[in-house]
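One structure is given below, encoded as structure tokens.
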Amino acid sequence: MKKSWVAQAFTLTVLLLFIANMVAPIRVFSKFENRYLAQLPPLNVNQIISNQFSINYETYVNDQFFIRDTWISTKALIERLMMKQENNGIYFGKDGYLFDKMIQYPDQLAINQKYMNEFLALYPQLPISVMIPTNSASLLLDKLPNHAPQLNQYTWLKENASDWPWIDTFSIFESSKKPVYYKTDHHWTLYGAYLAYSEWVSSIGKTPLKWEEFDVKNAEEFLGTYYSKGKPSVFQFDTLSYINPSIVSYSFANTTVNTLIDESKLSQFDKYSAFLYGNPGFAQIITNESEQPSKVLIIKDSYANSFIPFLTQHFDQIDIVDLRGYSGSIKSLVSSQDYDQILILSSFAQFSSDSNFAKLRY
Amino acid sequence: MIFSSNLFIFQFLPIIFLLLLITPKKYQNLILFIGSLIFYAWGEVRYIFIMFASVLVDYVCSNQIEKNRLTHKTRIYLWISVFFNLGMLFAFKYSNFFISNLNALFDLSFRNVNLTLPLGISFYTFQTMSYTIDVYRNKVKADSNIIDFGAYVCLFPQLIAGPIVRYSDIAIELKSRVLNFENMEKGIRIFLLGLSSKVLLANNIGMLWDEIILLPNPSTITLWLGLIAFGFQIYFDFSGYSLMAIGLGRMLGFHFPDNFNYPYISQSMTDFWNRWHITLGSWFKEYVYIPLGGNRKGALRLAINLFIVWFLTGFWHGAEYNFILWGLYFYVLLIAEKFLLLPFLRKHPILSRLYFIPLILLGWAIFAISDLSLLAQYIATLFSLTSGYEWIYYLQNYGVILLLCFVFATPVGKWVINKINSALIQDGLLYLSFIIAVAYLVDSSYNPFLYFRF
């Protein structure tokens, strides 16, 4: 063997990274991954005995690793060279479409189905609707990589949701000429939200406005959650459209504003959080001060955030509950408010995995 | 702690080596002992006491055997040690298996004990047991220095997933070894080969297996592809761990025995078991098969002895019925080879592989799927003609990695590397794979540890 240098290179690399990891500043938030990074965990006897310290410390080492973003991009590049059509559970589909991969229904789905049945049985006299939009992969089958295994969420809904007062958005999406899903984000587009709005509003006997009647504005260069998770090296930007109808007030978590759009977010990375200022546990929109307001309760996930602005023409008061952050009682809310309509609007992804649906029954 | 983590490579490793560099020779084993305890305690702090108990019991027993040579007391101390080691293994690894079987059999309701399996217990109990037995057999002298002995028992490179290093393998190096450049260099190269095997090959092909096992309606081709993926995963994972261990040992100045030798080029199961997890096979041979009488007591005793060995080998891999089944599966094949097939298999390099490869893959199905009804369903689909096209997607996504696995699971890879015959390119490839492995560890969405059941 001729002169070998790999051992020296290894030693040097290890020592340099050892030092770099010690001296590099601690980062709190990663724009690249759009998430908070782990910080140095507290060191105490309880944490050590329960092994929490060692688990958290390892996460901390990885999260704060020197030039972490570069390492992640390197991995993504290698995956691409190996001709992988997915990364971190995100398919790289055709025409720039990214999809979340689902090959098995989570166990939570059957549990949440039970919770939903119990919830509906609690209020037989109330006008409740249930809307569970599927992910884009269930609709845009021809945009998936060839032969990619994927469960079709609509199949489950057809078999199981018909027992409920279910609003089937899928069928109208199928015939839509305009895109109803983003390429890089898990949400529906504003147009998708509009179609869902018009379907639901018609179903409760009101007349939806026409798409052209809304003043649609755009924010360009939107990259969504699928992008952040899959980190494709080749991608296409989305355009995030929104409407900003005039309202009297929008209050959530000790804050009251008079707009539904947090415009400051539109120029940042996480543009979708401009809708309704994110996901507060409870929020209330007043669109019209009236003696006998028409009221609606929306129990929802973030899909509803772009959908709710369409409702301002039809209701005087819109109460919004996001179960993930809501600690109150649905029962007492419903009995105190005398709602004209109740809508449960949750994406299938959320409905099949979020344990907070247990709160529906309380 | 596991080797294939940034914590180990970029914190534990530099710190322990810097400490060893500035420590005088006579305290080096103390540093190794303490460092190894921290390494061990990282995942489960409380189990550090098992380590202390192991060291203490085997230290006392071996030294008492040494002191009382030629008296009947040696036997007592041997049995104390064997009883203690097997007792620990039984208590932590097998008690729930027997509790649930007793419950099912006699309709009882004993509660399962709530214990996580201490990391590597199957490996280090075998190591310490072989030590006391060797002292009893007068093959090695009992170590009178508890620090040196403790360093052997807990030695972090071989602590958690093999190779099973016997005391006699490293007795001399335990007392005097050198941290020198040559060992360092050789050790680092072996470590990097192991790290790349584990992180780049095993983890990547493992994702394919993990996905296929979840598919609701898989096709026959997909399931065979799944077994190929699992076969590569367990090989590169396990041999990668062994290589990392051997490399780390070498960096410290120890020479550990080899553990794998291209098992998938075998022409028979007999051949396979001489190439797969070699230190485990030779442990069972030395401490079970030969003491039982081996092949010297006639064909019937041979068949019984082999049955015991393969039952235990299977059961050693995990406290589940499928592992027993897996061991007995090999027992049947090995007996058939011993009495009938071997001469034929040795003469026919192609036909023998048409026999070996499907059967070794079928064996992996038994190994990988603990739920027996799921296993039956899996095997039924393997031999049906269930159609489907997911495998096309999988081949496209995993084609490159499958090819790399094939190349490095056979001597083809070595042949190509030797053919290149340029230190610059060889070193470059090794260093590049290290950097890529680090990238995969930083973005560590998938890095399983397969031996939690061993």
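Going through the structure tokens in order, the chains are called A, B, and so on, while each chain numbers its residues from 1 and the ligands are numbered from 1 in the order shown.
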
Taking only C-alpha atoms into account, produce a table as CSV in which each residue of chain A with an atom at most 8 Å from an atom of chain B appears once, together with its shortest atom pair and the distance in Å to one decimal, ordered by chain and rising number.
```
residue,atom,partner,partner_atom,distance
A:Met1,CA,B:Ala423,CA,6.9
A:Lys2,CA,B:Ala423,CA,5.9
A:Lys3,CA,B:Ala423,CA,6.8
A:Ser4,CA,B:Ala423,CA,6.1
A:Trp5,CA,B:Asp427,CA,6.8
A:Val6,CA,B:Asp427,CA,5.3
A:Ala7,CA,B:Glu185,CA,5.2
A:Gln8,CA,B:Glu185,CA,7.8
A:Ala9,CA,B:Tyr431,CA,7.6
A:Phe10,CA,B:Tyr431,CA,7.2
A:Val14,CA,B:Phe10,CA,5.7
A:Leu15,CA,B:Pro14,CA,6.7
A:Leu17,CA,B:Phe10,CA,6.8
A:Phe18,CA,B:Phe10,CA,5.3
A:Ile48,CA,B:Val45,CA,7.2
A:Ile49,CA,B:Val45,CA,6.1
A:Asn51,CA,B:Glu44,CA,6.2
A:Ser54,CA,B:Trp42,CA,6.2
A:Ile55,CA,B:Gly43,CA,7.9
A:Glu58,CA,B:Leu7,CA,6.4
A:Val61,CA,B:Leu7,CA,6.5
A:Asn62,CA,B:Val442,CA,5.4
A:Asp63,CA,B:Val442,CA,7.6
A:Phe65,CA,B:Val442,CA,7.1
A:Arg68,CA,B:Val442,CA,6.9
A:Trp71,CA,B:Ala439,CA,4.6
A:Ile72,CA,B:Asp443,CA,5.6
A:Thr74,CA,B:Ala439,CA,6.3
A:Lys75,CA,B:Ala439,CA,5.5
A:Ile78,CA,B:Ile436,CA,7.9
A:Met82,CA,B:Val400,CA,5.8
A:Met83,CA,B:Asn397,CA,5.9
A:Lys84,CA,B:Asn397,CA,4.7
A:Gln85,CA,B:Asn397,CA,6.4
A:Asn88,CA,B:Ser445,CA,7.1
A:Ile103,CA,B:Leu215,CA,6.2
A:Gln104,CA,B:Leu214,CA,6.8
A:Pro145,CA,B:Tyr393,CA,7.7
A:Asn146,CA,B:Tyr393,CA,6.5
A:His147,CA,B:Glu390,CA,5.3
A:Ala148,CA,B:Tyr393,CA,5.5
A:Pro149,CA,B:Glu390,CA,5.8
```

**Message:** I need the alpha helix (DSSP H) residues of segment 126-305 of chain A per DSSP on the backbone, written as an MDAnalysis selection string.
**Reply:** chainID A and resid 136:139 153:160 170:174 190:203 225:230 303:305

Could you take the residues named above and write them with N, CA and C atoms, as a short mmCIF file (atom, residue, chain, number, x, y, z; two decimals), in the first residue's frame?
```cif
data_model
loop_
_atom_site.label_atom_id
_atom_site.label_comp_id
_atom_site.auth_asym_id
_atom_site.auth_seq_id
_atom_site.Cartn_x
_atom_site.Cartn_y
_atom_site.Cartn_z
N SER A 136 -53.48 15.67 -1.39
CA SER A 136 -53.41 15.81 -2.84
C SER A 136 -53.11 14.48 -3.52
N ALA A 137 -52.36 13.59 -2.83
CA ALA A 137 -51.98 12.32 -3.46
C ALA A 137 -53.19 11.46 -3.80
N SER A 138 -54.28 11.63 -3.05
CA SER A 138 -55.45 10.82 -3.34
C SER A 138 -56.19 11.31 -4.58
N LEU A 139 -56.00 12.59 -4.89
CA LEU A 139 -56.71 13.17 -6.04
C LEU A 139 -55.88 13.13 -7.31
N GLN A 153 -57.04 7.94 0.32
CA GLN A 153 -57.84 8.32 1.48
C GLN A 153 -59.32 8.41 1.15
N TYR A 154 -59.62 8.70 -0.12
CA TYR A 154 -61.02 8.82 -0.52
C TYR A 154 -61.73 7.47 -0.40
N THR A 155 -60.99 6.39 -0.63
CA THR A 155 -61.58 5.06 -0.49
C THR A 155 -62.10 4.85 0.93
N TRP A 156 -61.30 5.26 1.89
CA TRP A 156 -61.71 5.12 3.29
C TRP A 156 -62.95 5.97 3.56
N LEU A 157 -62.93 7.19 3.05
CA LEU A 157 -64.05 8.10 3.31
C LEU A 157 -65.34 7.56 2.72
N LYS A 158 -65.25 7.05 1.47
CA LYS A 158 -66.45 6.52 0.84
C LYS A 158 -67.04 5.38 1.65
N GLU A 159 -66.14 4.57 2.23
CA GLU A 159 -66.62 3.40 2.97
C GLU A 159 -67.12 3.76 4.36
N ASN A 160 -66.54 4.80 4.96
CA ASN A 160 -66.82 5.04 6.37
C ASN A 160 -67.54 6.35 6.69
N PHE A 170 -64.41 15.79 -2.46
CA PHE A 170 -63.55 15.12 -3.44
C PHE A 170 -64.14 15.16 -4.86
N SER A 171 -65.46 14.86 -4.93
CA SER A 171 -66.08 14.78 -6.25
C SER A 171 -66.01 16.11 -7.01
N ILE A 172 -66.21 17.22 -6.27
CA ILE A 172 -66.11 18.51 -6.99
C ILE A 172 -64.66 18.84 -7.34
N PHE A 173 -63.74 18.40 -6.50
CA PHE A 173 -62.32 18.64 -6.82
C PHE A 173 -61.94 17.92 -8.11
N GLU A 174 -62.46 16.71 -8.26
CA GLU A 174 -62.11 15.89 -9.43
C GLU A 174 -62.41 16.60 -10.73
N LEU A 190 -56.42 28.32 -2.35
CA LEU A 190 -57.59 29.15 -2.07
C LEU A 190 -58.77 28.70 -2.93
N TYR A 191 -58.47 28.28 -4.15
CA TYR A 191 -59.55 27.84 -5.02
C TYR A 191 -60.17 26.54 -4.49
N GLY A 192 -59.33 25.65 -3.99
CA GLY A 192 -59.85 24.43 -3.36
C GLY A 192 -60.74 24.78 -2.18
N ALA A 193 -60.27 25.71 -1.36
CA ALA A 193 -61.07 26.14 -0.21
C ALA A 193 -62.39 26.76 -0.68
N TYR A 194 -62.33 27.52 -1.80
CA TYR A 194 -63.55 28.12 -2.34
C TYR A 194 -64.56 27.06 -2.76
N LEU A 195 -64.08 26.05 -3.48
CA LEU A 195 -64.99 24.98 -3.93
C LEU A 195 -65.64 24.28 -2.73
N ALA A 196 -64.83 24.04 -1.69
CA ALA A 196 -65.35 23.40 -0.49
C ALA A 196 -66.40 24.30 0.16
N TYR A 197 -66.09 25.61 0.20
CA TYR A 197 -67.02 26.59 0.78
C TYR A 197 -68.34 26.57 0.02
N SER A 198 -68.25 26.58 -1.29
CA SER A 198 -69.48 26.70 -2.06
C SER A 198 -70.31 25.42 -1.92
N GLU A 199 -69.63 24.28 -1.81
CA GLU A 199 -70.33 23.02 -1.62
C GLU A 199 -71.07 22.99 -0.27
N TRP A 200 -70.35 23.42 0.76
CA TRP A 200 -70.95 23.35 2.10
C TRP A 200 -72.10 24.36 2.25
N VAL A 201 -71.82 25.58 1.80
CA VAL A 201 -72.82 26.64 1.95
C VAL A 201 -74.10 26.27 1.20
N SER A 202 -73.95 25.67 0.00
CA SER A 202 -75.14 25.22 -0.73
C SER A 202 -75.88 24.15 0.06
N SER A 203 -75.11 23.26 0.68
CA SER A 203 -75.73 22.13 1.37
C SER A 203 -76.55 22.58 2.58
N THR A 225 -45.09 22.99 3.48
CA THR A 225 -44.59 21.97 4.41
C THR A 225 -43.99 20.75 3.70
N TYR A 226 -44.57 20.38 2.57
CA TYR A 226 -44.00 19.23 1.84
C TYR A 226 -42.57 19.54 1.42
N TYR A 227 -42.37 20.79 1.01
CA TYR A 227 -41.02 21.19 0.65
C TYR A 227 -40.09 21.10 1.86
N SER A 228 -40.54 21.66 2.98
CA SER A 228 -39.69 21.68 4.17
C SER A 228 -39.34 20.27 4.62
N LYS A 229 -40.28 19.36 4.48
CA LYS A 229 -40.04 17.99 4.94
C LYS A 229 -39.21 17.20 3.93
N GLY A 230 -39.54 17.31 2.66
CA GLY A 230 -38.88 16.49 1.65
C GLY A 230 -37.59 17.07 1.12
N TYR A 303 -56.53 23.50 7.58
CA TYR A 303 -57.22 23.59 6.30
C TYR A 303 -58.28 24.68 6.31
N ALA A 304 -58.90 24.85 7.48
CA ALA A 304 -60.00 25.81 7.57
C ALA A 304 -59.52 27.25 7.50
N ASN A 305 -58.24 27.48 7.73
CA ASN A 305 -57.77 28.86 7.85
C ASN A 305 -57.97 29.68 6.58
#
```

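Near Met116 of chain A, within 8 Å and counting only C-alpha atoms, sit Asn112, Leu120, Phe357 and Leu360 of chain A; same-chain residues fewer than 4 positions away were not included.
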
What would the file look like if the residues just selected were written as a PDB file, in the first residue's frame with C-alpha atoms?
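Writing the result to selection36.pdb gives the following:
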```pdb
ATOM      1  CA  ASN A 112     -61.059   9.048  15.937  1.00  0.00           C
ATOM      2  CA  LEU A 120     -72.539  13.093  16.559  1.00  0.00           C
ATOM      3  CA  PHE A 357     -60.161  14.399  18.698  1.00  0.00           C
ATOM      4  CA  LEU A 360     -64.824  16.345  20.882  1.00  0.00           C
TER       5      LEU A 360
END
```

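Minimum distance to Phe214 of chain A across A:Asn87, A:Thr189, A:Ser241, A:Gln125 (counting only C-alpha atoms) occurs at A:Ser241.
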
I'd like a table as a Markdown table: residues in segment 150-259 of chain B with an atom no more than 7 Å from segment 116-126 of chain B, each row giving the shortest atom pair and its distance in Å to one decimal, only C-alpha atoms counted, sorted by chain and rising residue number.
```
| residue | atom | partner | partner_atom | distance |
| --- | --- | --- | --- | --- |
| B:Val153 | CA | B:Tyr124 | CA | 6.8 |
| B:Leu159 | CA | B:Gly120 | CA | 6.2 |
| B:Ile160 | CA | B:Gly120 | CA | 3.9 |
| B:Ala161 | CA | B:Gly120 | CA | 5.8 |
| B:Gly162 | CA | B:Phe123 | CA | 6.3 |
| B:Ile164 | CA | B:Phe123 | CA | 6.2 |
```

Go ahead and save the residues from that selection, with N, CA and C atoms, as a PDB file, in the first residue's frame.
```pdb
ATOM      1  N   VAL B 153     -14.435  -6.655  30.743  1.00  0.00           N
ATOM      2  CA  VAL B 153     -15.871  -6.950  30.718  1.00  0.00           C
ATOM      3  C   VAL B 153     -16.644  -5.819  30.035  1.00  0.00           C
ATOM      4  N   LEU B 159     -18.827  -4.220  23.613  1.00  0.00           N
ATOM      5  CA  LEU B 159     -19.795  -4.417  24.686  1.00  0.00           C
ATOM      6  C   LEU B 159     -21.189  -4.773  24.201  1.00  0.00           C
ATOM      7  N   ILE B 160     -21.637  -4.150  23.099  1.00  0.00           N
ATOM      8  CA  ILE B 160     -23.069  -4.217  22.853  1.00  0.00           C
ATOM      9  C   ILE B 160     -23.506  -5.123  21.709  1.00  0.00           C
ATOM     10  N   ALA B 161     -22.655  -5.379  20.738  1.00  0.00           N
ATOM     11  CA  ALA B 161     -23.150  -6.182  19.624  1.00  0.00           C
ATOM     12  C   ALA B 161     -22.065  -7.054  19.000  1.00  0.00           C
ATOM     13  N   GLY B 162     -21.153  -7.509  19.791  1.00  0.00           N
ATOM     14  CA  GLY B 162     -20.136  -8.406  19.282  1.00  0.00           C
ATOM     15  C   GLY B 162     -19.006  -7.695  18.558  1.00  0.00           C
ATOM     16  N   ILE B 164     -18.005 -11.561  19.889  1.00  0.00           N
ATOM     17  CA  ILE B 164     -17.852 -12.098  21.235  1.00  0.00           C
ATOM     18  C   ILE B 164     -16.365 -12.359  21.452  1.00  0.00           C
TER      19      ILE B 164
END
```

**Request:** Give me every strand (DSSP E or B) residue in segment 144-275 of chain A, going by DSSP on the backbone, as a VMD selection string.
**Result:** chain A and resid 166 181 188 217 to 222 238 to 242 249 to 252 255 to 257 261 275

**Request:** Skip Tyr97 of chain A itself and residues of its chain fewer than 5 positions away, then list as a PyMOL selection string all residues within 7 Å of it, counting only C-alpha atoms.
**Result:** chain A and resi 92+143+183-184

Atoms to include: C-alpha atoms. Write the selected residues as a short mmCIF file (atom, residue, chain, number, x, y, z; two decimals), in the first residue's frame.
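In the end it all went to result_14.cif:
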```
data_model
loop_
_atom_site.label_atom_id
_atom_site.label_comp_id
_atom_site.auth_asym_id
_atom_site.auth_seq_id
_atom_site.Cartn_x
_atom_site.Cartn_y
_atom_site.Cartn_z
CA PHE A 92 -41.33 13.79 -5.64
CA LYS A 143 -48.88 13.06 -10.78
CA LYS A 183 -47.43 21.62 -5.24
CA THR A 184 -45.24 22.12 -2.18
#
```

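Residue nearest Ser30 of chain A within the list A:Glu118, A:Asp270, A:Asp340, A:Glu291: A:Asp270 [criterion: smallest interatomic distance, only C-alpha atoms].
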
**Request:** Mind checking which residues fall within 10 Å of Ile261 of chain A, counting only C-alpha atoms, ignoring those fewer than 6 positions away in the same chain, and posting them as a count of residues only?
**Result:** 14

**Message:** Could you list, as a PyMOL selection string, every residue within 6 Å of Gly281 of chain A, counting only C-alpha atoms and ignoring same-chain residues fewer than 2 positions away?
**Reply:** chain A and resi 321-322+325-326
